[in-house]
Amino acid sequence: MNLDSVAGGLISATYLVPISIAFCIAASHGKYLPLWLPDVGLVGAYVSYAIAEVMHFPVALALFAGILVSALVSVALYSGFFRGHVERAEPYPALLRAIALTVFIEASLAWSTHGYALVYQRLKIPGSVYLSGLGQTLTGADVVAALGAIIFAPGLTIVLRRTRVGLVFRSVASNRGLAWEYGLPVRAVDIAVLALCGGLSAAGAIMFAIRYDLSADMLGQPTMKVAAVAVALGTEWPGRVVAGIMAIGVLEAWAQSSPTHAPFASAIGYILLIAALLLRYALPKLIRRLRR
Amino acid sequence: MNRIFLDILTTAMLDSCLVAAQALVLNRLGVPFAAITAFSGIGAYIAALALNGIWSGVYLAVLLILLAVACFSYLERSLPQDQYLLLTLAVLGILRASAGTLKVLGGQIGIASASTWLQPQSVTPYLVLAGVLFAVSFFVHLAIDRSEFGLAVSVTKIAREDVAVRTLVPTRKIMLICFAVAAALAIAAGTLRAMYAGRVDPDEFRIQTAVILLMPTLVVGSTPLRISFFSLAFFMFPGVFGILIGYEASGLAYLRDMTLSVLVIATVARKVTGGSRRAARTLSSQAKG
């Protein structure tokens with residue numbers, strides 16, 4: 001493994017940090033897998049595109065509108081489709097609905113754009129630097145994504161672990177009924193969490209679209225990767241999941257540096273998931289049975 | 001024109017068989033299984049390997065199928081439903097990556113699966129074979145619907161929530177049989193698809209395809225007629241209407257996916273929990289009586 005592939009892997013993985021943090025927060029809040037959340041961010045990215053590139057409004061307004069729309073849609077979808085499942089602790093039906101919602105969003109976006117990818121022109125962050133030591137060219141978007149990862153991941157971990165707001169969030173996440181009885185504003189926490197997660201997903205999707213161009217299915221595989229790592233490492237630990245995403249990014253870049261192993265790069269996250277699930281659920285059961 | 005319609009019918013019948021196979025496990029047994037394309041993909045590669053004379057690969061693939069059937073049916077009880085569903089999709093991801101990596105399978109480009117005695121794209125013989133397989137999948141569901149075994153399958157579905165019910169039927173054996181039948185249907189469909197297309201590539205294991213296949217499976221429920229003919233209509237709709245009304249088929253496929261996902265969002269999630277709970281309540285009240 002050389003320094004180039006490590007740097008390349010880290011840079012591409014930083015683009016997934018906002019989406020993974022949003023996924024983990026929503027998953028630990030609702031105790032289900034919110035596969036729909038990155039796609040709501042994708043809707044925000046399309047809104048930003050329409051406002052900046054089609055209507056030619058200012059870029060700042062387009063970004064704000066994209067993030068706001070995503071936050072509002074997240075809250076609305078959660079209230080309409082997922083709150084009941086969260087309150088009744090039904091992760092499986094919630095996952096089925098989440099998958100169906102993902103299909104709906106991706107199909108409707110693809111239908112409205114005739115399946116073509118869109119390219120940000122005005123939203124592109126200008127400037128690039130070549131780092132000869134790392135053998136990498138850092139674009140403006142790379143720098144913003146890296147700064148975002150450096151600020152968001154530890155920042156949110158500190159907020160969740162060390163502040164009163166974080167304590168309220170953790171209380172609602174761990175036992176909604178008890179939190180309600182203690183007078184905590186459960187509904188307000190729901191709205192705040194989903195708005196934050198929707199906004200973060202939109203930010204992540206816009207960054208992703210700046211690097212890879214905007215298409216309806218651009219977040220399909222990254223979402224599965226984030227879900228795999230989040231389930232494997234525990235959705236209640238966003239910091240750990242971000243570290244896992246970074247490590248997998250490096251491993252993927254390393255695999256991609258060899259032409260024979262390049263196609264296997266996409267499977268690393270899934271291997272981690274299967275190994276974690278077997279260790280967590282199947283192995284203890286097997287050991288118990290063997291002891292008996 | 002006729003040839004195009006027959007081509008659409010052939011592929012739609014093969015895809016419907018996959019829905020029927022998945023419905024056997026997902027709807028009848030209640031196992032959150034979304035990776036029926038894993039079996040059809042392996043079946044497709046088995047056909048390609050056999051037609052290229054790579055018999056060691058065929059034996060390994062058969063071994064892989066047996067291992068997959070055993071693991072999927074064993075792990076179903078151990079894992080929470082949502083994580084089991086994610087695991088089945090992860091298996092697809094690994095299979096796709098492996099197929100793309102292995103040189104013997106042609107890597108990312110894939111491998112030829114053309115037969116000399118049954119030419120690819122020759123519609124009539126494949127239409128007959130696909131029709132036979134479609135009829136078999138229909139009669140499998142019909143037989144399960146009207147037999148004692150079908151009753152045992154329903155009890156196995158309830159046994160997930162009601163532990164006391166597990167003593168009534170050998171749930172493990174029933175699960176294994178259902179998985180084996182579903183795998184056999186999917187392998188046959190995959191083999192025919194591969195021979196009809198003349199080429200197999202790692203996209204056989206695409207997670208997106210499995211997710212799209214999950215939508216009709218969730219909507220069709222467990223009635224044999226609905227399973228077979230609704231899924232047939234689902235797969236034929238974009239191609240046939242594309243020709244009839246002159247709209248692009250991919251656009252119609254998006255519209256179809258949107259409609260079906262709305263149906264899933266609106267009804268199926270409630271049905272999944274509501275149905276099994278109702279059945280469990282009925283059974284426990286009968287047991288008490």
# chains A, B, ... in the order shown; residues from 1 in each chain; ligands from 1
>>> select_by_dssp(residues="stretch 12-144 of chain A", states="helix (DSSP H, G or I)", output="ChimeraX atom specification")
/A:12-14,17-30,37-54,59-87,91-112,140-144
>>> residues_around(residues="A:Pro34", least_positions_apart="5", cutoff="9 Å", atoms="only C-alpha atoms", output="PyMOL selection string")
chain A and resi 23-24+26-27+94-95+98-99+227
>>> interface_residues(of="chain B", to="chain A", cutoff="9 Å", atoms="only C-alpha atoms", output="compact mmCIF listing (two decimals) with all heavy atoms, in the first residue's frame")
# COMPACT_ATOMS: atom_id res chain seq x y z
N PRO B 32 -37.27 -12.52 5.29
CA PRO B 32 -36.94 -11.29 4.55
C PRO B 32 -35.79 -11.48 3.57
O PRO B 32 -34.69 -10.97 3.76
CB PRO B 32 -36.57 -10.29 5.65
CG PRO B 32 -36.16 -11.13 6.79
CD PRO B 32 -36.87 -12.42 6.70
N TYR B 74 -30.29 -21.31 7.66
CA TYR B 74 -29.83 -21.40 9.06
C TYR B 74 -29.85 -20.02 9.73
O TYR B 74 -30.30 -19.87 10.86
CB TYR B 74 -28.42 -21.99 9.11
CG TYR B 74 -27.83 -21.96 10.51
CD1 TYR B 74 -28.25 -22.88 11.47
CD2 TYR B 74 -26.89 -21.01 10.88
CE1 TYR B 74 -27.75 -22.83 12.76
CE2 TYR B 74 -26.39 -20.96 12.16
CZ TYR B 74 -26.81 -21.87 13.10
OH TYR B 74 -26.31 -21.82 14.38
N LEU B 75 -29.35 -19.02 9.00
CA LEU B 75 -29.20 -17.69 9.60
C LEU B 75 -30.52 -16.96 9.81
O LEU B 75 -30.58 -16.00 10.58
CB LEU B 75 -28.29 -16.82 8.72
CG LEU B 75 -26.82 -17.19 8.73
CD1 LEU B 75 -26.07 -16.37 7.71
CD2 LEU B 75 -26.22 -16.97 10.10
N SER B 78 -31.43 -16.64 13.36
CA SER B 78 -30.45 -15.98 14.24
C SER B 78 -30.48 -14.47 14.15
O SER B 78 -30.20 -13.77 15.11
CB SER B 78 -29.04 -16.48 13.91
OG SER B 78 -29.01 -17.86 13.77
N LEU B 79 -30.78 -13.95 12.96
CA LEU B 79 -30.63 -12.51 12.73
C LEU B 79 -31.98 -11.78 12.82
O LEU B 79 -33.00 -12.34 12.45
CB LEU B 79 -30.04 -12.26 11.34
CG LEU B 79 -28.53 -12.11 11.24
CD1 LEU B 79 -27.84 -13.40 11.59
CD2 LEU B 79 -28.15 -11.71 9.83
N PRO B 80 -31.97 -10.51 13.27
CA PRO B 80 -33.19 -9.70 13.16
C PRO B 80 -33.55 -9.55 11.69
O PRO B 80 -32.67 -9.54 10.82
CB PRO B 80 -32.78 -8.35 13.75
CG PRO B 80 -31.52 -8.60 14.49
CD PRO B 80 -30.86 -9.77 13.87
N GLN B 81 -34.86 -9.39 11.42
CA GLN B 81 -35.34 -9.40 10.02
C GLN B 81 -34.67 -8.34 9.14
O GLN B 81 -34.28 -8.62 8.02
CB GLN B 81 -36.85 -9.21 9.99
CG GLN B 81 -37.62 -10.44 10.38
CD GLN B 81 -39.10 -10.18 10.41
OE1 GLN B 81 -39.56 -9.32 11.14
NE2 GLN B 81 -39.84 -10.91 9.63
N ASP B 82 -34.55 -7.12 9.67
CA ASP B 82 -33.99 -6.04 8.83
C ASP B 82 -32.53 -6.31 8.50
O ASP B 82 -32.07 -6.07 7.39
CB ASP B 82 -34.17 -4.68 9.49
CG ASP B 82 -33.56 -4.61 10.87
OD1 ASP B 82 -33.43 -5.65 11.52
OD2 ASP B 82 -33.18 -3.50 11.30
N GLN B 83 -31.80 -6.87 9.47
CA GLN B 83 -30.38 -7.12 9.23
C GLN B 83 -30.18 -8.34 8.33
O GLN B 83 -29.22 -8.41 7.57
CB GLN B 83 -29.65 -7.27 10.56
CG GLN B 83 -29.85 -6.01 11.38
CD GLN B 83 -28.94 -5.85 12.54
OE1 GLN B 83 -28.03 -6.62 12.77
NE2 GLN B 83 -29.17 -4.80 13.32
N TYR B 84 -31.12 -9.28 8.40
CA TYR B 84 -31.07 -10.43 7.50
C TYR B 84 -31.26 -9.97 6.04
O TYR B 84 -30.57 -10.41 5.13
CB TYR B 84 -32.15 -11.44 7.89
CG TYR B 84 -32.15 -12.70 7.06
CD1 TYR B 84 -31.32 -13.77 7.38
CD2 TYR B 84 -32.95 -12.82 5.94
CE1 TYR B 84 -31.32 -14.92 6.62
CE2 TYR B 84 -32.95 -13.96 5.17
CZ TYR B 84 -32.14 -15.02 5.52
OH TYR B 84 -32.14 -16.14 4.74
N LEU B 85 -32.22 -9.04 5.87
CA LEU B 85 -32.47 -8.51 4.52
C LEU B 85 -31.22 -7.81 3.98
O LEU B 85 -30.83 -8.00 2.82
CB LEU B 85 -33.65 -7.52 4.57
CG LEU B 85 -34.09 -6.94 3.23
CD1 LEU B 85 -34.79 -7.98 2.39
CD2 LEU B 85 -35.03 -5.77 3.43
N LEU B 86 -30.58 -7.05 4.85
CA LEU B 86 -29.36 -6.35 4.45
C LEU B 86 -28.25 -7.36 4.12
O LEU B 86 -27.49 -7.17 3.17
CB LEU B 86 -28.92 -5.41 5.58
CG LEU B 86 -28.05 -4.24 5.19
CD1 LEU B 86 -28.79 -3.30 4.28
CD2 LEU B 86 -27.58 -3.48 6.42
N LEU B 87 -28.21 -8.44 4.92
CA LEU B 87 -27.20 -9.48 4.68
C LEU B 87 -27.39 -10.13 3.31
O LEU B 87 -26.42 -10.35 2.58
CB LEU B 87 -27.29 -10.54 5.78
CG LEU B 87 -26.37 -11.75 5.63
CD1 LEU B 87 -25.47 -11.88 6.85
CD2 LEU B 87 -27.12 -13.03 5.43
N LEU B 89 -28.65 -8.79 0.67
CA LEU B 89 -28.18 -7.84 -0.35
C LEU B 89 -26.65 -7.76 -0.37
O LEU B 89 -26.03 -7.64 -1.43
CB LEU B 89 -28.79 -6.46 -0.11
CG LEU B 89 -30.31 -6.35 -0.29
CD1 LEU B 89 -30.80 -4.96 0.07
CD2 LEU B 89 -30.72 -6.67 -1.72
N ALA B 90 -26.05 -7.86 0.82
CA ALA B 90 -24.58 -7.82 0.90
C ALA B 90 -23.97 -9.04 0.20
O ALA B 90 -22.92 -8.92 -0.46
CB ALA B 90 -24.14 -7.78 2.36
N VAL B 91 -24.64 -10.18 0.31
CA VAL B 91 -24.15 -11.40 -0.37
C VAL B 91 -24.11 -11.15 -1.89
O VAL B 91 -23.16 -11.53 -2.57
CB VAL B 91 -25.03 -12.62 -0.01
CG1 VAL B 91 -24.75 -13.79 -0.92
CG2 VAL B 91 -24.82 -13.01 1.42
N GLY B 93 -23.71 -8.26 -3.34
CA GLY B 93 -22.58 -7.37 -3.59
C GLY B 93 -21.27 -8.13 -3.67
O GLY B 93 -20.43 -7.88 -4.56
N ILE B 94 -21.11 -9.10 -2.77
CA ILE B 94 -19.87 -9.89 -2.76
C ILE B 94 -19.79 -10.80 -4.00
O ILE B 94 -18.74 -10.92 -4.62
CB ILE B 94 -19.76 -10.72 -1.46
CG1 ILE B 94 -19.55 -9.76 -0.29
CG2 ILE B 94 -18.62 -11.73 -1.52
CD1 ILE B 94 -19.55 -10.41 1.06
N LEU B 95 -20.95 -11.39 -4.35
CA LEU B 95 -20.96 -12.26 -5.55
C LEU B 95 -20.60 -11.47 -6.80
O LEU B 95 -19.85 -11.94 -7.66
CB LEU B 95 -22.34 -12.91 -5.71
CG LEU B 95 -22.66 -14.07 -4.77
CD1 LEU B 95 -24.10 -14.50 -4.93
CD2 LEU B 95 -21.74 -15.26 -5.05
N ARG B 96 -21.14 -10.24 -6.89
CA ARG B 96 -20.87 -9.42 -8.07
C ARG B 96 -19.38 -9.07 -8.15
O ARG B 96 -18.76 -9.17 -9.22
CB ARG B 96 -21.70 -8.14 -8.00
CG ARG B 96 -21.61 -7.34 -9.27
CD ARG B 96 -22.43 -6.09 -9.20
NE ARG B 96 -22.40 -5.45 -10.51
CZ ARG B 96 -22.48 -4.16 -10.69
NH1 ARG B 96 -22.60 -3.36 -9.67
NH2 ARG B 96 -22.44 -3.65 -11.88
N ALA B 97 -18.83 -8.69 -6.98
CA ALA B 97 -17.41 -8.34 -6.96
C ALA B 97 -16.54 -9.56 -7.30
O ALA B 97 -15.56 -9.44 -8.05
CB ALA B 97 -17.05 -7.78 -5.60
N SER B 98 -16.92 -10.72 -6.76
CA SER B 98 -16.14 -11.94 -7.03
C SER B 98 -16.19 -12.31 -8.51
O SER B 98 -15.18 -12.66 -9.11
CB SER B 98 -16.67 -13.12 -6.20
OG SER B 98 -16.77 -12.75 -4.87
N ALA B 99 -17.41 -12.24 -9.08
CA ALA B 99 -17.55 -12.57 -10.51
C ALA B 99 -16.74 -11.61 -11.37
O ALA B 99 -16.18 -12.02 -12.39
CB ALA B 99 -19.02 -12.52 -10.91
N GLY B 100 -16.65 -10.36 -10.94
CA GLY B 100 -15.88 -9.38 -11.69
C GLY B 100 -14.38 -9.56 -11.54
O GLY B 100 -13.60 -9.12 -12.38
N THR B 101 -13.98 -10.21 -10.43
CA THR B 101 -12.55 -10.38 -10.16
C THR B 101 -11.99 -11.65 -10.81
O THR B 101 -10.85 -11.65 -11.27
CB THR B 101 -12.30 -10.43 -8.63
OG1 THR B 101 -12.98 -9.34 -8.04
CG2 THR B 101 -10.82 -10.35 -8.30
N LEU B 102 -12.82 -12.71 -10.81
CA LEU B 102 -12.30 -14.01 -11.27
C LEU B 102 -12.10 -14.04 -12.79
O LEU B 102 -13.04 -13.77 -13.55
CB LEU B 102 -13.25 -15.14 -10.84
CG LEU B 102 -13.30 -15.42 -9.34
CD1 LEU B 102 -14.39 -16.40 -9.02
CD2 LEU B 102 -11.95 -15.93 -8.85
N LYS B 103 -10.88 -14.39 -13.19
CA LYS B 103 -10.56 -14.41 -14.63
C LYS B 103 -11.30 -15.53 -15.35
O LYS B 103 -11.71 -15.38 -16.50
CB LYS B 103 -9.05 -14.61 -14.80
CG LYS B 103 -8.31 -13.29 -14.91
CD LYS B 103 -6.87 -13.53 -15.21
CE LYS B 103 -6.12 -12.20 -15.12
NZ LYS B 103 -4.70 -12.41 -14.96
N GLY B 107 -14.13 -11.96 -15.79
CA GLY B 107 -13.98 -10.65 -15.14
C GLY B 107 -15.18 -9.75 -15.37
O GLY B 107 -16.32 -10.22 -15.45
N GLN B 108 -14.92 -8.47 -15.52
CA GLN B 108 -15.99 -7.48 -15.68
C GLN B 108 -16.73 -7.64 -17.02
O GLN B 108 -17.89 -7.28 -17.14
CB GLN B 108 -15.41 -6.05 -15.61
CG GLN B 108 -14.84 -5.68 -14.27
CD GLN B 108 -15.93 -5.35 -13.26
OE1 GLN B 108 -16.76 -6.18 -12.93
NE2 GLN B 108 -15.94 -4.13 -12.77
N ILE B 207 -27.31 -5.23 -7.09
CA ILE B 207 -28.22 -5.03 -5.95
C ILE B 207 -29.48 -4.28 -6.41
O ILE B 207 -30.59 -4.58 -5.97
CB ILE B 207 -27.49 -4.29 -4.82
CG1 ILE B 207 -26.44 -5.21 -4.20
CG2 ILE B 207 -28.47 -3.83 -3.74
CD1 ILE B 207 -25.60 -4.59 -3.12
N GLN B 208 -29.30 -3.33 -7.33
CA GLN B 208 -30.45 -2.54 -7.81
C GLN B 208 -31.50 -3.44 -8.45
O GLN B 208 -32.70 -3.23 -8.27
CB GLN B 208 -29.99 -1.48 -8.82
CG GLN B 208 -29.35 -0.26 -8.18
CD GLN B 208 -27.90 -0.47 -7.79
OE1 GLN B 208 -27.36 -1.57 -7.96
NE2 GLN B 208 -27.25 0.55 -7.27
N VAL B 211 -33.41 -5.12 -5.77
CA VAL B 211 -34.33 -4.19 -5.10
C VAL B 211 -35.58 -3.98 -5.96
O VAL B 211 -36.71 -3.98 -5.45
CB VAL B 211 -33.61 -2.86 -4.80
CG1 VAL B 211 -34.59 -1.78 -4.41
CG2 VAL B 211 -32.59 -3.05 -3.69
N ILE B 212 -35.38 -3.86 -7.27
CA ILE B 212 -36.53 -3.68 -8.17
C ILE B 212 -37.41 -4.94 -8.15
O ILE B 212 -38.64 -4.85 -8.14
CB ILE B 212 -36.06 -3.39 -9.62
CG1 ILE B 212 -35.32 -2.03 -9.69
CG2 ILE B 212 -37.21 -3.42 -10.63
CD1 ILE B 212 -36.18 -0.82 -9.42
N LEU B 214 -37.77 -6.87 -5.69
CA LEU B 214 -38.43 -6.94 -4.38
C LEU B 214 -39.80 -6.26 -4.41
O LEU B 214 -40.73 -6.69 -3.72
CB LEU B 214 -37.52 -6.25 -3.35
CG LEU B 214 -37.87 -6.39 -1.87
CD1 LEU B 214 -37.81 -7.83 -1.42
CD2 LEU B 214 -36.92 -5.55 -1.03
N MET B 215 -39.94 -5.22 -5.23
CA MET B 215 -41.19 -4.44 -5.24
C MET B 215 -42.38 -5.30 -5.69
O MET B 215 -43.35 -5.42 -4.95
CB MET B 215 -41.07 -3.21 -6.15
CG MET B 215 -40.05 -2.17 -5.70
SD MET B 215 -40.49 -1.38 -4.16
CE MET B 215 -39.29 -2.07 -3.05
N LEU B 218 -43.26 -7.99 -3.10
CA LEU B 218 -43.99 -7.52 -1.92
C LEU B 218 -45.45 -7.25 -2.23
O LEU B 218 -46.32 -7.44 -1.40
CB LEU B 218 -43.33 -6.25 -1.37
CG LEU B 218 -42.02 -6.45 -0.62
CD1 LEU B 218 -41.35 -5.12 -0.37
CD2 LEU B 218 -42.25 -7.17 0.70
N SER B 250 -37.69 2.81 -21.23
CA SER B 250 -37.04 3.09 -19.94
C SER B 250 -37.89 4.07 -19.12
O SER B 250 -38.01 3.93 -17.91
CB SER B 250 -35.64 3.64 -20.17
OG SER B 250 -35.71 4.82 -20.92
N GLY B 251 -38.52 5.04 -19.80
CA GLY B 251 -39.40 6.00 -19.12
C GLY B 251 -40.59 5.29 -18.51
O GLY B 251 -40.98 5.56 -17.37
N LEU B 252 -41.15 4.33 -19.26
CA LEU B 252 -42.29 3.57 -18.74
C LEU B 252 -41.87 2.68 -17.57
O LEU B 252 -42.63 2.49 -16.62
CB LEU B 252 -42.88 2.71 -19.85
CG LEU B 252 -43.72 3.47 -20.88
CD1 LEU B 252 -44.04 2.59 -22.06
CD2 LEU B 252 -45.01 3.98 -20.25
N ALA B 253 -40.63 2.17 -17.64
CA ALA B 253 -40.14 1.34 -16.53
C ALA B 253 -40.02 2.19 -15.26
O ALA B 253 -40.35 1.72 -14.16
CB ALA B 253 -38.79 0.74 -16.89
N TYR B 254 -39.57 3.45 -15.42
CA TYR B 254 -39.50 4.34 -14.25
C TYR B 254 -40.90 4.59 -13.68
O TYR B 254 -41.09 4.56 -12.46
CB TYR B 254 -38.86 5.69 -14.63
CG TYR B 254 -37.40 5.61 -14.98
CD1 TYR B 254 -36.89 6.31 -16.08
CD2 TYR B 254 -36.51 4.86 -14.22
CE1 TYR B 254 -35.55 6.25 -16.42
CE2 TYR B 254 -35.17 4.80 -14.55
CZ TYR B 254 -34.69 5.50 -15.65
OH TYR B 254 -33.37 5.44 -15.97
N LEU B 255 -41.87 4.83 -14.58
CA LEU B 255 -43.25 5.06 -14.12
C LEU B 255 -43.79 3.84 -13.39
O LEU B 255 -44.45 3.96 -12.36
CB LEU B 255 -44.15 5.39 -15.33
CG LEU B 255 -44.00 6.79 -15.92
CD1 LEU B 255 -44.84 6.92 -17.17
CD2 LEU B 255 -44.41 7.85 -14.91
N ARG B 256 -43.48 2.66 -13.94
CA ARG B 256 -43.92 1.41 -13.31
C ARG B 256 -43.31 1.27 -11.91
O ARG B 256 -44.02 0.96 -10.94
CB ARG B 256 -43.46 0.25 -14.20
CG ARG B 256 -43.73 -1.11 -13.66
CD ARG B 256 -42.87 -2.12 -14.37
NE ARG B 256 -41.45 -1.96 -14.04
CZ ARG B 256 -40.47 -2.68 -14.59
NH1 ARG B 256 -40.76 -3.57 -15.51
NH2 ARG B 256 -39.22 -2.51 -14.24
N ASP B 257 -42.00 1.55 -11.80
CA ASP B 257 -41.34 1.43 -10.50
C ASP B 257 -41.92 2.42 -9.49
O ASP B 257 -42.09 2.10 -8.31
CB ASP B 257 -39.84 1.67 -10.65
CG ASP B 257 -39.17 0.60 -11.47
OD1 ASP B 257 -39.81 -0.45 -11.68
OD2 ASP B 257 -38.03 0.80 -11.93
N MET B 258 -42.24 3.65 -9.99
CA MET B 258 -42.81 4.66 -9.10
C MET B 258 -44.16 4.19 -8.57
O MET B 258 -44.43 4.26 -7.37
CB MET B 258 -42.98 5.99 -9.86
CG MET B 258 -41.69 6.75 -10.02
SD MET B 258 -41.70 7.86 -11.45
CE MET B 258 -42.88 9.06 -10.97
N THR B 259 -45.00 3.68 -9.47
CA THR B 259 -46.34 3.23 -9.06
C THR B 259 -46.26 2.11 -8.05
O THR B 259 -46.92 2.11 -7.02
CB THR B 259 -47.13 2.73 -10.31
OG1 THR B 259 -46.95 3.68 -11.35
CG2 THR B 259 -48.59 2.55 -10.01
N LEU B 260 -45.39 1.15 -8.35
CA LEU B 260 -45.30 -0.02 -7.48
C LEU B 260 -44.71 0.33 -6.12
O LEU B 260 -45.14 -0.19 -5.09
CB LEU B 260 -44.44 -1.08 -8.17
CG LEU B 260 -44.95 -2.49 -7.97
CD1 LEU B 260 -46.34 -2.66 -8.52
CD2 LEU B 260 -44.03 -3.49 -8.59
N SER B 261 -43.72 1.25 -6.12
CA SER B 261 -43.13 1.63 -4.83
C SER B 261 -44.15 2.38 -3.98
O SER B 261 -44.17 2.22 -2.75
CB SER B 261 -41.85 2.44 -5.03
OG SER B 261 -42.11 3.54 -5.86
N VAL B 262 -45.02 3.16 -4.63
CA VAL B 262 -46.08 3.85 -3.87
C VAL B 262 -47.01 2.80 -3.25
O VAL B 262 -47.40 2.91 -2.08
CB VAL B 262 -46.87 4.81 -4.79
CG1 VAL B 262 -48.15 5.28 -4.12
CG2 VAL B 262 -46.02 6.01 -5.14
N LEU B 263 -47.32 1.75 -4.03
CA LEU B 263 -48.17 0.67 -3.51
C LEU B 263 -47.51 -0.01 -2.29
O LEU B 263 -48.17 -0.30 -1.30
CB LEU B 263 -48.38 -0.39 -4.59
CG LEU B 263 -49.62 -0.25 -5.47
CD1 LEU B 263 -49.62 -1.32 -6.53
CD2 LEU B 263 -50.87 -0.37 -4.63
N VAL B 264 -46.21 -0.23 -2.41
CA VAL B 264 -45.48 -0.88 -1.30
C VAL B 264 -45.51 0.03 -0.08
O VAL B 264 -45.81 -0.42 1.03
CB VAL B 264 -44.02 -1.20 -1.71
CG1 VAL B 264 -43.22 -1.68 -0.51
CG2 VAL B 264 -43.99 -2.24 -2.79
N ILE B 265 -45.24 1.32 -0.29
CA ILE B 265 -45.22 2.27 0.84
C ILE B 265 -46.60 2.31 1.51
O ILE B 265 -46.73 2.31 2.72
CB ILE B 265 -44.81 3.68 0.36
CG1 ILE B 265 -43.36 3.68 -0.07
CG2 ILE B 265 -45.00 4.70 1.49
CD1 ILE B 265 -42.96 4.93 -0.85
N ALA B 266 -47.63 2.31 0.67
CA ALA B 266 -48.98 2.49 1.20
C ALA B 266 -49.53 1.25 1.90
O ALA B 266 -50.23 1.36 2.89
CB ALA B 266 -49.92 2.90 0.08
N VAL B 268 -47.92 -2.47 1.88
CA VAL B 268 -47.22 -3.71 2.23
C VAL B 268 -46.62 -3.68 3.63
O VAL B 268 -46.72 -4.65 4.36
CB VAL B 268 -46.15 -4.05 1.18
CG1 VAL B 268 -45.31 -5.21 1.62
CG2 VAL B 268 -46.84 -4.39 -0.12
N ALA B 269 -46.04 -2.56 4.01
CA ALA B 269 -45.40 -2.51 5.33
C ALA B 269 -46.42 -2.84 6.41
O ALA B 269 -46.13 -3.54 7.37
CB ALA B 269 -44.80 -1.15 5.54
N ARG B 270 -47.66 -2.33 6.22
CA ARG B 270 -48.71 -2.61 7.20
C ARG B 270 -49.11 -4.08 7.13
O ARG B 270 -49.35 -4.73 8.13
CB ARG B 270 -49.91 -1.71 6.90
CG ARG B 270 -50.81 -1.53 8.10
CD ARG B 270 -51.84 -0.47 7.84
NE ARG B 270 -51.24 0.83 7.60
CZ ARG B 270 -51.83 1.80 6.89
NH1 ARG B 270 -53.00 1.61 6.35
NH2 ARG B 270 -51.24 2.97 6.73
N LYS B 271 -49.13 -4.60 5.88
CA LYS B 271 -49.54 -5.99 5.69
C LYS B 271 -48.54 -6.95 6.34
O LYS B 271 -48.92 -7.94 6.92
CB LYS B 271 -49.62 -6.28 4.18
CG LYS B 271 -50.83 -7.10 3.79
CD LYS B 271 -50.73 -7.61 2.38
CE LYS B 271 -50.97 -6.58 1.33
NZ LYS B 271 -50.79 -7.09 -0.03
N VAL B 272 -47.26 -6.60 6.24
CA VAL B 272 -46.21 -7.49 6.76
C VAL B 272 -46.42 -7.73 8.24
O VAL B 272 -46.40 -8.86 8.71
CB VAL B 272 -44.82 -6.87 6.50
CG1 VAL B 272 -43.76 -7.56 7.33
CG2 VAL B 272 -44.49 -6.99 5.04
N THR B 273 -46.65 -6.65 9.00
CA THR B 273 -46.82 -6.83 10.45
C THR B 273 -48.24 -7.26 10.76
O THR B 273 -48.45 -8.18 11.52
CB THR B 273 -46.51 -5.54 11.19
OG1 THR B 273 -47.19 -4.49 10.53
CG2 THR B 273 -45.04 -5.27 11.23
>>> residues_around(residues="B:Tyr59", least_positions_apart="2", cutoff="12 Å", atoms="only C-alpha atoms", output="JSON, numbers by chain")
{"B": [42, 43, 45, 46, 47, 49, 50, 53, 54, 55, 56, 57, 61, 62, 63, 64, 65, 66]}
>>> residues_around(residues="stretch 9-14 of chain B", least_positions_apart="3", cutoff="10 Å", atoms="only C-alpha atoms", output="PyMOL selection string")
chain B and resi 3-6+17-20+123-135+185-186+188-193+196-197+228-229+231-237+239-240
>>> residues_around(residues="B:Val200", least_positions_apart="3", cutoff="9 Å", atoms="only C-alpha atoms", output="ChimeraX atom specification")
/B:41,44-45,48,105-106,109-113,193-195,197,203-204
>>> atom_distance(atom1="atom CA of A:Asn175", atom2="atom CA of A:Pro38")
25.5 Å
>>> residues_around(residues="A:Gly234", least_positions_apart="5", cutoff="9 Å", atoms="only C-alpha atoms", output="NGL selection string")
:A and (24 or 28 or 229 or 240-241)
>>> write_last_selection(atoms="N, CA and C atoms", output="PDB file, in the first residue's frame")
ATOM      1  N   CYS A  24     -26.283   7.547  10.630  1.00  0.00           N
ATOM      2  CA  CYS A  24     -26.104   6.988  11.981  1.00  0.00           C
ATOM      3  C   CYS A  24     -27.026   7.670  12.985  1.00  0.00           C
ATOM      4  N   SER A  28     -29.832   5.590  14.869  1.00  0.00           N
ATOM      5  CA  SER A  28     -29.820   5.366  16.315  1.00  0.00           C
ATOM      6  C   SER A  28     -31.017   6.045  16.975  1.00  0.00           C
ATOM      7  N   VAL A 229     -21.511  -0.534   6.777  1.00  0.00           N
ATOM      8  CA  VAL A 229     -20.520  -0.167   7.806  1.00  0.00           C
ATOM      9  C   VAL A 229     -21.230   0.240   9.093  1.00  0.00           C
ATOM     10  N   ARG A 240     -17.165   6.167  15.145  1.00  0.00           N
ATOM     11  CA  ARG A 240     -16.585   4.872  14.763  1.00  0.00           C
ATOM     12  C   ARG A 240     -16.939   4.542  13.304  1.00  0.00           C
ATOM     13  N   VAL A 241     -18.191   4.857  12.940  1.00  0.00           N
ATOM     14  CA  VAL A 241     -18.638   4.567  11.561  1.00  0.00           C
ATOM     15  C   VAL A 241     -17.854   5.421  10.565  1.00  0.00           C
TER      16      VAL A 241
END
